[in-house]
file input_9.cif (mmCIF, C-alpha atoms)
data_protein
#
loop_
_atom_site.label_atom_id
_atom_site.label_comp_id
_atom_site.auth_asym_id
_atom_site.auth_seq_id
_atom_site.Cartn_x
_atom_site.Cartn_y
_atom_site.Cartn_z
CA MET A 1 35.81 68.02 -2.59
CA THR A 2 32.39 67.87 -4.18
CA THR A 3 31.74 64.51 -5.77
CA ASN A 4 29.33 63.90 -8.63
CA SER A 5 29.50 60.17 -9.22
CA THR A 6 28.67 58.36 -12.43
CA PRO A 7 24.90 57.77 -12.74
CA ALA A 8 23.80 54.38 -11.45
CA ALA A 9 22.55 51.81 -13.92
CA GLY A 10 18.90 52.36 -14.70
CA SER A 11 18.90 55.94 -13.38
CA ALA A 12 17.60 58.82 -15.46
CA PRO A 13 20.26 60.31 -17.74
CA ARG A 14 21.66 63.68 -16.79
CA ASP A 15 20.31 66.70 -18.60
CA LEU A 16 22.57 69.47 -19.92
CA PHE A 17 20.20 72.07 -18.56
CA GLU A 18 19.71 70.79 -15.01
CA PRO A 19 21.53 72.48 -12.12
CA ALA A 20 24.78 71.09 -10.72
CA ARG A 21 27.07 71.79 -7.81
CA LEU A 22 30.81 72.50 -8.14
CA GLY A 23 32.76 73.26 -4.98
CA PRO A 24 31.20 76.45 -3.57
CA LEU A 25 29.15 77.13 -6.69
CA ASP A 26 25.58 76.33 -7.64
CA LEU A 27 25.58 76.06 -11.42
CA PRO A 28 22.31 76.66 -13.30
CA ASN A 29 23.26 74.14 -16.00
CA ARG A 30 26.00 71.64 -16.88
CA LEU A 31 27.51 73.64 -19.76
CA VAL A 32 30.96 75.13 -19.26
CA MET A 33 32.57 77.75 -21.47
CA ALA A 34 36.04 76.32 -22.14
CA PRO A 35 39.10 78.57 -21.85
CA MET A 36 40.09 79.99 -25.25
CA THR A 37 43.00 82.28 -26.02
CA ARG A 38 41.70 85.46 -27.67
CA ASN A 39 44.65 87.94 -27.47
CA ARG A 40 42.60 90.91 -26.27
CA ALA A 41 44.66 92.00 -23.24
CA ALA A 42 47.02 94.95 -23.13
CA GLU A 43 50.67 94.47 -24.08
CA ASP A 44 51.63 94.12 -20.41
CA GLY A 45 49.00 91.44 -19.79
CA THR A 46 46.39 93.67 -18.14
CA PRO A 47 42.83 92.64 -19.10
CA LEU A 48 40.91 95.30 -21.03
CA PRO A 49 37.24 96.31 -20.60
CA ILE A 50 36.20 94.63 -23.85
CA MET A 51 37.08 91.30 -22.20
CA GLY A 52 34.43 91.95 -19.56
CA GLU A 53 31.87 92.61 -22.29
CA TYR A 54 32.83 89.38 -24.08
CA TYR A 55 32.52 87.17 -21.02
CA ALA A 56 29.37 88.88 -19.74
CA GLN A 57 27.68 88.15 -23.08
CA ARG A 58 28.27 84.45 -22.29
CA ALA A 59 27.19 84.53 -18.65
CA GLY A 60 24.46 81.99 -19.38
CA ALA A 61 27.08 79.24 -19.16
CA GLY A 62 26.91 77.19 -15.99
CA LEU A 63 30.57 78.10 -15.52
CA ILE A 64 33.01 80.24 -17.51
CA ILE A 65 36.66 79.20 -17.40
CA ALA A 66 38.48 82.34 -18.50
CA GLU A 67 41.32 82.12 -20.96
CA ALA A 68 44.89 80.98 -20.30
CA THR A 69 46.62 83.53 -18.07
CA THR A 70 50.30 83.59 -17.23
CA PRO A 71 51.44 83.39 -13.58
CA ASN A 72 54.80 85.06 -14.30
CA ARG A 73 56.57 87.05 -17.00
CA VAL A 74 58.64 84.23 -18.50
CA GLY A 75 55.53 82.08 -18.86
CA ALA A 76 53.96 84.39 -21.48
CA THR A 77 53.11 82.61 -24.71
CA TYR A 78 51.82 85.01 -27.39
CA PRO A 79 51.26 88.77 -27.69
CA ASN A 80 48.38 90.29 -25.72
CA ILE A 81 47.89 87.30 -23.45
CA PRO A 82 46.50 88.18 -19.99
CA ALA A 83 48.57 87.82 -16.83
CA ILE A 84 47.86 87.65 -13.09
CA TYR A 85 51.12 88.52 -11.28
CA ARG A 86 50.89 92.31 -10.86
CA ASP A 87 48.43 94.59 -9.09
CA ALA A 88 47.36 96.04 -12.45
CA HIS A 89 46.50 92.54 -13.65
CA ILE A 90 44.37 91.92 -10.57
CA GLU A 91 42.55 95.22 -11.03
CA GLY A 92 41.95 94.51 -14.73
CA TRP A 93 40.55 91.07 -14.00
CA ARG A 94 38.44 92.48 -11.14
CA SER A 95 36.71 94.73 -13.66
CA VAL A 96 36.00 91.67 -15.83
CA THR A 97 34.64 89.54 -12.99
CA ASP A 98 32.51 92.41 -11.69
CA THR A 99 30.94 92.75 -15.12
CA VAL A 100 30.30 89.01 -15.40
CA HIS A 101 28.89 88.78 -11.88
CA ALA A 102 26.50 91.63 -12.66
CA ALA A 103 25.27 89.54 -15.59
CA GLY A 104 24.73 86.53 -13.31
CA GLY A 105 27.81 84.53 -14.29
CA ARG A 106 30.38 82.42 -12.45
CA MET A 107 34.07 82.29 -13.38
CA PHE A 108 37.25 80.31 -12.84
CA LEU A 109 40.57 81.49 -14.32
CA GLN A 110 42.92 79.16 -16.17
CA LEU A 111 46.58 79.46 -15.15
CA GLN A 112 49.07 78.60 -17.89
CA HIS A 113 52.85 78.79 -18.20
CA GLY A 114 53.97 78.45 -21.82
CA GLY A 115 57.35 76.85 -21.23
CA ARG A 116 59.00 76.44 -24.64
CA ILE A 117 55.89 78.02 -26.23
CA GLY A 118 57.22 81.52 -25.82
CA HIS A 119 59.72 83.95 -27.32
CA PRO A 120 62.03 86.72 -26.08
CA GLU A 121 60.27 89.23 -28.36
CA THR A 122 57.04 88.57 -26.47
CA SER A 123 58.14 88.28 -22.84
CA GLY A 124 61.53 89.99 -22.90
CA LEU A 125 62.98 86.83 -21.36
CA HIS A 126 64.41 83.62 -22.76
CA PRO A 127 61.83 80.81 -22.50
CA VAL A 128 62.40 77.95 -20.07
CA ALA A 129 61.32 74.32 -20.29
CA PRO A 130 61.97 70.90 -18.75
CA SER A 131 64.71 70.29 -21.33
CA PRO A 132 66.37 72.32 -24.13
CA VAL A 133 64.06 70.89 -26.82
CA PRO A 134 62.80 73.66 -29.12
CA PHE A 135 59.31 73.98 -30.52
CA PRO A 136 59.75 72.88 -34.15
CA ASP A 137 57.63 75.59 -35.77
CA PRO A 138 57.90 79.40 -35.98
CA MET A 139 56.45 81.41 -33.08
CA HIS A 140 54.02 84.30 -33.33
CA THR A 141 55.54 87.42 -31.75
CA PRO A 142 54.64 91.13 -31.61
CA SER A 143 56.78 91.70 -34.73
CA GLY A 144 55.38 88.75 -36.66
CA SER A 145 56.39 85.13 -37.18
CA ARG A 146 59.88 84.37 -35.86
CA PRO A 147 61.94 81.18 -35.55
CA SER A 148 61.48 79.45 -32.21
CA VAL A 149 64.40 79.53 -29.81
CA VAL A 150 65.93 76.66 -27.87
CA PRO A 151 64.50 76.96 -24.34
CA ARG A 152 66.77 76.94 -21.34
CA GLU A 153 66.45 73.89 -19.09
CA MET A 154 64.89 74.85 -15.77
CA THR A 155 66.96 74.40 -12.65
CA VAL A 156 65.41 72.75 -9.62
CA GLU A 157 65.31 76.16 -7.94
CA GLU A 158 63.44 77.59 -10.93
CA ILE A 159 60.97 74.71 -10.76
CA ARG A 160 60.34 75.47 -7.10
CA SER A 161 59.93 79.19 -7.72
CA THR A 162 57.52 78.47 -10.58
CA VAL A 163 55.43 76.30 -8.27
CA GLU A 164 55.19 79.27 -5.91
CA ASP A 165 54.33 81.58 -8.82
CA PHE A 166 51.31 79.37 -9.57
CA ALA A 167 50.25 79.52 -5.91
CA ASN A 168 50.59 83.33 -5.86
CA ALA A 169 48.67 83.59 -9.13
CA ALA A 170 45.84 81.56 -7.59
CA ARG A 171 45.70 83.93 -4.62
CA ASN A 172 45.65 86.87 -7.02
CA ALA A 173 42.82 85.28 -9.01
CA VAL A 174 40.67 84.97 -5.90
CA ALA A 175 41.51 88.59 -5.04
CA ALA A 176 40.36 89.50 -8.56
CA GLY A 177 36.95 87.95 -7.93
CA PHE A 178 37.28 84.52 -9.50
CA ALA A 179 35.58 81.60 -7.76
CA GLY A 180 38.65 79.47 -8.45
CA VAL A 181 41.38 78.54 -10.92
CA GLU A 182 42.12 75.81 -13.41
CA VAL A 183 45.72 74.56 -13.56
CA HIS A 184 46.56 74.00 -17.24
CA SER A 185 48.51 70.75 -17.65
CA ALA A 186 47.48 70.22 -21.27
CA ASN A 187 47.93 71.22 -24.91
CA GLY A 188 51.71 71.31 -25.01
CA TYR A 189 52.42 74.04 -22.45
CA LEU A 190 54.89 73.83 -19.57
CA LEU A 191 53.19 71.30 -17.28
CA HIS A 192 52.33 69.10 -20.24
CA GLN A 193 55.93 69.40 -21.46
CA PHE A 194 57.08 67.83 -18.18
CA LEU A 195 54.73 64.89 -18.78
CA GLY A 196 55.96 64.03 -22.28
CA GLN A 197 59.00 61.87 -23.03
CA ASP A 198 60.05 63.96 -26.03
CA THR A 199 59.96 67.34 -24.26
CA ASN A 200 61.25 66.06 -20.89
CA ARG A 201 64.67 64.45 -21.20
CA ARG A 202 65.79 65.15 -17.65
CA THR A 203 67.55 62.57 -15.52
CA ASP A 204 66.79 64.11 -12.11
CA ALA A 205 63.69 63.80 -9.88
CA TYR A 206 61.58 65.56 -12.55
CA GLY A 207 62.42 63.33 -15.51
CA GLY A 208 62.67 59.72 -16.60
CA PRO A 209 60.04 57.38 -15.12
CA VAL A 210 56.37 58.36 -15.02
CA ALA A 211 56.48 59.02 -11.27
CA HIS A 212 59.12 61.68 -11.88
CA ARG A 213 57.51 63.27 -14.95
CA ILE A 214 54.18 63.83 -13.18
CA ARG A 215 55.94 65.38 -10.16
CA PHE A 216 55.85 68.99 -11.38
CA THR A 217 52.13 69.00 -12.16
CA VAL A 218 51.39 67.35 -8.81
CA GLU A 219 53.51 69.90 -6.95
CA VAL A 220 51.84 72.82 -8.72
CA VAL A 221 48.35 71.51 -7.96
CA ARG A 222 49.22 70.82 -4.34
CA ALA A 223 50.63 74.34 -3.90
CA VAL A 224 47.57 75.92 -5.50
CA VAL A 225 45.22 73.84 -3.33
CA ASP A 226 47.19 74.84 -0.24
CA ALA A 227 46.94 78.49 -1.32
CA ILE A 228 43.20 78.81 -1.99
CA GLY A 229 41.50 75.53 -1.00
CA ALA A 230 40.72 72.38 -2.94
CA GLU A 231 37.13 73.42 -3.66
CA ARG A 232 38.46 76.34 -5.74
CA VAL A 233 40.86 74.34 -7.94
CA GLY A 234 40.50 72.37 -11.15
CA VAL A 235 43.07 70.66 -13.38
CA ARG A 236 43.03 70.35 -17.17
CA ILE A 237 44.69 67.41 -18.91
CA ALA A 238 44.91 66.30 -22.55
CA PRO A 239 45.74 62.58 -22.81
CA GLY A 240 47.30 61.82 -26.18
CA VAL A 241 46.70 65.31 -27.58
CA THR A 242 49.54 66.38 -29.89
CA ALA A 243 48.91 70.15 -29.86
CA ASN A 244 52.08 72.26 -29.92
CA ALA A 245 54.11 69.27 -31.17
CA MET A 246 53.60 67.17 -28.05
CA ALA A 247 54.67 63.52 -28.13
CA GLU A 248 53.98 61.91 -24.75
CA GLY A 249 55.24 58.46 -25.67
CA ASP A 250 53.46 56.52 -22.91
CA THR A 251 50.05 58.13 -22.56
CA GLU A 252 48.39 55.04 -21.09
CA ALA A 253 50.96 54.99 -18.28
CA ILE A 254 51.09 58.73 -17.54
CA TYR A 255 47.47 59.56 -16.92
CA PRO A 256 46.29 56.83 -14.56
CA ALA A 257 49.31 57.66 -12.37
CA LEU A 258 48.71 61.40 -12.60
CA VAL A 259 44.98 61.13 -11.89
CA ALA A 260 45.62 58.88 -8.88
CA ALA A 261 48.09 61.41 -7.48
CA LEU A 262 45.71 64.31 -8.09
CA ALA A 263 42.83 62.42 -6.47
CA GLU A 264 44.85 62.28 -3.23
CA ILE A 265 45.09 66.09 -3.28
CA GLY A 266 41.37 66.43 -4.00
CA PRO A 267 40.82 69.41 -6.35
CA ALA A 268 37.23 70.21 -7.23
CA TYR A 269 37.36 68.93 -10.79
CA LEU A 270 39.33 67.24 -13.54
CA HIS A 271 38.90 68.63 -17.06
CA ILE A 272 39.70 66.28 -19.96
CA VAL A 273 40.36 67.83 -23.38
CA PHE A 274 38.99 66.11 -26.50
CA ALA A 275 37.31 63.43 -24.43
CA ASP A 276 36.06 60.41 -26.36
CA PRO A 277 33.61 58.17 -24.47
CA ASP A 278 34.53 55.25 -26.74
CA GLN A 279 38.19 55.30 -25.70
CA PRO A 280 39.23 52.88 -22.93
CA LEU A 281 41.51 55.50 -21.34
CA PHE A 282 38.63 57.94 -20.90
CA ARG A 283 36.56 55.25 -19.22
CA GLU A 284 39.51 54.30 -17.00
CA LEU A 285 40.08 57.88 -15.90
CA ARG A 286 36.35 58.44 -15.25
CA ALA A 287 36.28 55.36 -13.04
CA ALA A 288 39.41 56.44 -11.19
CA TRP A 289 38.45 60.08 -10.61
CA PRO A 290 36.29 60.46 -7.47
CA GLY A 291 35.18 64.03 -8.06
CA THR A 292 33.54 66.18 -10.70
CA LEU A 293 34.65 65.44 -14.26
CA ILE A 294 34.45 68.11 -16.96
CA ALA A 295 34.70 66.64 -20.46
CA ASN A 296 35.42 68.57 -23.65
CA PRO A 297 34.08 66.72 -26.74
CA VAL A 298 35.82 66.46 -30.10
CA LEU A 299 33.88 68.67 -32.53
CA GLY A 300 36.39 68.76 -35.36
CA TRP A 301 38.87 71.62 -34.94
CA GLY A 302 39.12 73.80 -38.03
CA GLY A 303 35.90 72.53 -39.56
CA PRO A 304 32.37 73.89 -39.20
CA LEU A 305 30.52 73.53 -35.94
CA PRO A 306 27.93 70.74 -35.83
CA GLU A 307 24.48 71.99 -36.74
CA ASP A 308 23.33 71.26 -33.20
CA GLY A 309 26.21 73.26 -31.67
CA GLY A 310 27.72 70.16 -30.08
CA LYS A 311 24.63 69.14 -28.12
CA ALA A 312 24.63 65.48 -29.22
CA ALA A 313 28.34 65.09 -28.45
CA ALA A 314 27.78 66.70 -25.05
CA GLU A 315 24.92 64.35 -24.24
CA ARG A 316 27.05 61.32 -25.20
CA LEU A 317 29.67 62.39 -22.68
CA LEU A 318 27.07 62.95 -19.97
CA ALA A 319 25.76 59.45 -20.60
CA ALA A 320 29.35 58.14 -20.29
CA GLY A 321 29.73 59.63 -16.84
CA ALA A 322 30.91 63.21 -17.34
CA ASP A 323 29.39 65.68 -14.90
CA LEU A 324 29.87 68.92 -16.83
CA ILE A 325 30.55 69.58 -20.52
CA ALA A 326 33.04 72.19 -21.74
CA LEU A 327 32.44 73.70 -25.17
CA GLY A 328 34.84 76.11 -26.82
CA ARG A 329 34.07 77.37 -30.33
CA PRO A 330 30.28 77.02 -29.89
CA PHE A 331 30.50 79.58 -27.05
CA LEU A 332 32.93 81.73 -29.03
CA ALA A 333 30.43 82.16 -31.88
CA ASN A 334 27.21 82.09 -29.82
CA PRO A 335 26.97 84.38 -26.81
CA ASP A 336 23.55 82.87 -26.06
CA LEU A 337 24.63 79.27 -26.64
CA VAL A 338 22.73 77.82 -23.67
CA HIS A 339 19.49 79.34 -24.95
CA ARG A 340 20.12 78.06 -28.48
CA LEU A 341 20.89 74.53 -27.33
CA ARG A 342 17.91 74.50 -24.98
CA THR A 343 15.49 75.60 -27.70
CA GLY A 344 17.08 73.85 -30.69
CA ALA A 345 17.71 77.15 -32.46
CA PRO A 346 20.36 77.31 -35.21
CA VAL A 347 23.87 78.25 -34.13
CA ASN A 348 26.24 80.85 -35.54
CA GLN A 349 29.28 79.41 -37.29
CA VAL A 350 32.75 80.67 -36.39
CA ARG A 351 33.79 83.36 -38.84
CA ASP A 352 37.33 83.85 -40.20
CA HIS A 353 39.55 81.98 -37.72
CA GLY A 354 42.11 84.77 -37.91
CA LEU A 355 39.66 87.02 -36.08
CA MET A 356 40.12 84.89 -32.97
CA TYR A 357 43.47 86.53 -32.30
CA THR A 358 43.51 89.94 -34.01
CA GLY A 359 42.24 92.17 -31.20
CA GLY A 360 39.21 94.46 -31.08
CA ALA A 361 35.50 93.75 -31.25
CA LYS A 362 35.41 92.13 -34.71
CA GLY A 363 35.07 88.37 -34.31
CA TYR A 364 34.92 88.83 -30.54
CA THR A 365 31.95 90.73 -29.15
CA ASP A 366 30.01 91.18 -32.39
CA TYR A 367 28.53 87.68 -32.75
CA PRO A 368 24.73 88.08 -32.71
CA ALA A 369 22.37 86.66 -30.11
CA LEU A 370 18.86 85.51 -31.00
CA GLY A 371 17.37 87.92 -28.53
CA ASP A 372 16.70 87.88 -24.83
CA ALA A 373 17.42 84.40 -23.49
CA ASP A 374 15.20 82.68 -20.98
CA ALA A 375 15.58 84.18 -17.53
CA ALA A 376 16.74 80.77 -16.32
CA ASP A 377 19.79 81.03 -18.56
CA ARG A 378 21.02 84.18 -16.80
CA PRO A 379 20.20 83.81 -13.11
CA ALA A 380 20.75 86.61 -10.66
CA LEU A 381 23.93 86.35 -8.61
CA ALA A 382 22.84 84.56 -5.47
CA THR A 383 25.83 84.66 -3.16
CA ALA A 384 28.90 86.76 -2.59
CA GLY A 385 32.24 85.49 -3.80
CA VAL A 386 31.06 83.71 -6.94
#
call {"tool": "encode", "arguments": {"input": "input_9.cif", "output": "structure tokens"}}
result
Amino acid sequence: MTTNSTPAAGSAPRDLFEPARLGPLDLPNRLVMAPMTRNRAAEDGTPLPIMGEYYAQRAGAGLIIAEATTPNRVGATYPNIPAIYRDAHIEGWRSVTDTVHAAGGRMFLQLQHGGRIGHPETSGLHPVAPSPVPFPDPMHTPSGSRPSVVPREMTVEEIRSTVEDFANAARNAVAAGFAGVEVHSANGYLLHQFLGQDTNRRTDAYGGPVAHRIRFTVEVVRAVVDAIGAERVGVRIAPGVTANAMAEGDTEAIYPALVAALAEIGPAYLHIVFADPDQPLFRELRAAWPGTLIANPVLGWGGPLPEDGGKAAAERLLAAGADLIALGRPFLANPDLVHRLRTGAPVNQVRDHGLMYTGGAKGYTDYPALGDADAADRPALATAGV
């Protein structure tokens, strides 16, 4: 595991634009494109060529974490979400990574199982979850908004097979040309559902006390690390985040225990969603995590982007001990975001939010760049396998 420790007192502050090391990768800067669902894959989950164009436009990021991708059929969340469990999926993603590598970029792939965030009209299967607790809101399906269904409680055998599905998906991602994968244990999807008291009402070894509720995430991460190597694996968490109707109940108890267990496995990075350097829990987790920490700042979801594109918030997190900074909407609207932040140029605002998920080029690959970015923002691919 590569370790980037918190800067020592009195040392020079980190710079967003200085190089960094992550596992096998040399990153040209400390800016990470966060994974963002964009609904541009084929109906069967196969990535389409336009996705390669979209990510290649943003190859100036130190690292791209590609959007949430399902490791099995039942884990599908919404229509046109990419997958990574069939040969066609691997081939589609290989076309994307080849295009990004040609543009000088580096990519991880986020692996996500939706759990109760799914619908039979989307996957063809009844959704599964830790417990039969339905998502309280309607679900977006191929035929429009539909009432959510009560998920079926996973058996222990299904939990074990899902762990293996994540490991196989990680192998497939490496075969598709990704440098590694990010295990998504955040934002109200399956792994996060196991962590929360409201969504996990089990009384077996996967429910009840914190040590039991973190078990599934720990087992998934361990299996993925065993499959492709710790240096190729990251984990995303969202302490206290209520997305998708999550209610953890004991956030301050869950995450120190989870982070300690993950640290023993040794993945390359921990990625914290909506990180706030003023919160004691963030500082506790930074102190406890021995490896690279990616922090995603709060920029006000649904509102306009900050005029500086999130640069000040990113620098605050670097000063608080983060090693890399993940930005979402700023990268969505600015294919040349690194160049804009480096030069202080104005940033594009996100257009109609509905365009995030409608398919096609509009609101996807048609955001304008300022022009040719500095050569340093788009370095030539230096080594094979990145």
call {"tool": "resolve_selection", "arguments": {"input": "input_9.cif", "expression": "the PyMOL selection byres ((chain A and resi 363) around 9)", "output": "JSON, numbers by chain"}}
result
{"A": [332, 333, 350, 351, 352, 353, 354, 355, 356, 357, 358, 359, 360, 361, 362, 364, 365, 366, 367]}
call {"tool": "closest_atom_pairs", "arguments": {"input": "input_9.cif", "of": "region 158-192 of chain A", "to": "region 34-42 of chain A", "cutoff": "12 Å", "atoms": "all atoms listed in the file", "output": "JSON lines"}}
result
{"residue": "A:Val181", "atom": "CA", "partner": "A:Pro35", "partner_atom": "CA", "distance": 11.2}
{"residue": "A:Glu182", "atom": "CA", "partner": "A:Pro35", "partner_atom": "CA", "distance": 9.4}
{"residue": "A:Val183", "atom": "CA", "partner": "A:Pro35", "partner_atom": "CA", "distance": 11.3}
{"residue": "A:His184", "atom": "CA", "partner": "A:Pro35", "partner_atom": "CA", "distance": 9.9}
{"residue": "A:Ala186", "atom": "CA", "partner": "A:Pro35", "partner_atom": "CA", "distance": 11.8}
{"residue": "A:Asn187", "atom": "CA", "partner": "A:Met36", "partner_atom": "CA", "distance": 11.8}
call {"tool": "closest_residue", "arguments": {"input": "input_9.cif", "among": "A:Ala288, A:Ala314, A:Ile117, A:Ala170", "to": "Val224 (chain A)", "atoms": "all atoms listed in the file"}}
result
A:Ala170
call {"tool": "resolve_selection", "arguments": {"input": "input_9.cif", "expression": "the PyMOL selection byres ((chain A and resi 166) around 8)", "output": "PyMOL selection string"}}
result
chain A and resi 71+111+162-165+167-170+220+223-224
call {"tool": "write_last_selection", "arguments": {"input": "input_9.cif", "atoms": "C-alpha atoms", "output": "PDB file, in the coordinates of the input"}}
result
ATOM      1  CA  PRO A  71      51.440  83.390 -13.580  1.00  0.00           C
ATOM      2  CA  LEU A 111      46.580  79.460 -15.150  1.00  0.00           C
ATOM      3  CA  THR A 162      57.520  78.470 -10.580  1.00  0.00           C
ATOM      4  CA  VAL A 163      55.430  76.300  -8.270  1.00  0.00           C
ATOM      5  CA  GLU A 164      55.190  79.270  -5.910  1.00  0.00           C
ATOM      6  CA  ASP A 165      54.330  81.580  -8.820  1.00  0.00           C
ATOM      7  CA  ALA A 167      50.250  79.520  -5.910  1.00  0.00           C
ATOM      8  CA  ASN A 168      50.590  83.330  -5.860  1.00  0.00           C
ATOM      9  CA  ALA A 169      48.670  83.590  -9.130  1.00  0.00           C
ATOM     10  CA  ALA A 170      45.840  81.560  -7.590  1.00  0.00           C
ATOM     11  CA  VAL A 220      51.840  72.820  -8.720  1.00  0.00           C
ATOM     12  CA  ALA A 223      50.630  74.340  -3.900  1.00  0.00           C
ATOM     13  CA  VAL A 224      47.570  75.920  -5.500  1.00  0.00           C
TER      14      VAL A 224
END
call {"tool": "atom_distance", "arguments": {"input": "input_9.cif", "atom1": "CA of Ile254 (chain A)", "atom2": "CA of Ser131 (chain A)"}}
result
18.3 Å
call {"tool": "resolve_selection", "arguments": {"input": "input_9.cif", "expression": "the PyMOL selection byres ((chain A and resi 192-195) around 8)", "output": "JSON, numbers by chain"}}
result
{"A": [115, 129, 130, 185, 186, 187, 188, 189, 190, 191, 196, 197, 199, 200, 206, 207, 210, 213, 214, 216, 217, 237, 246, 248, 254]}
call {"tool": "atom_distance", "arguments": {"input": "input_9.cif", "atom1": "CA of Ala68 (chain A)", "atom2": "CA of His113 (chain A)"}}
result
8.5 Å
call {"tool": "closest_residue", "arguments": {"input": "input_9.cif", "among": "A:Ala88, A:Ala102, A:Ile294, A:Leu341", "to": "Ala320 (chain A)", "atoms": "only C-alpha atoms"}}
result
A:Ile294
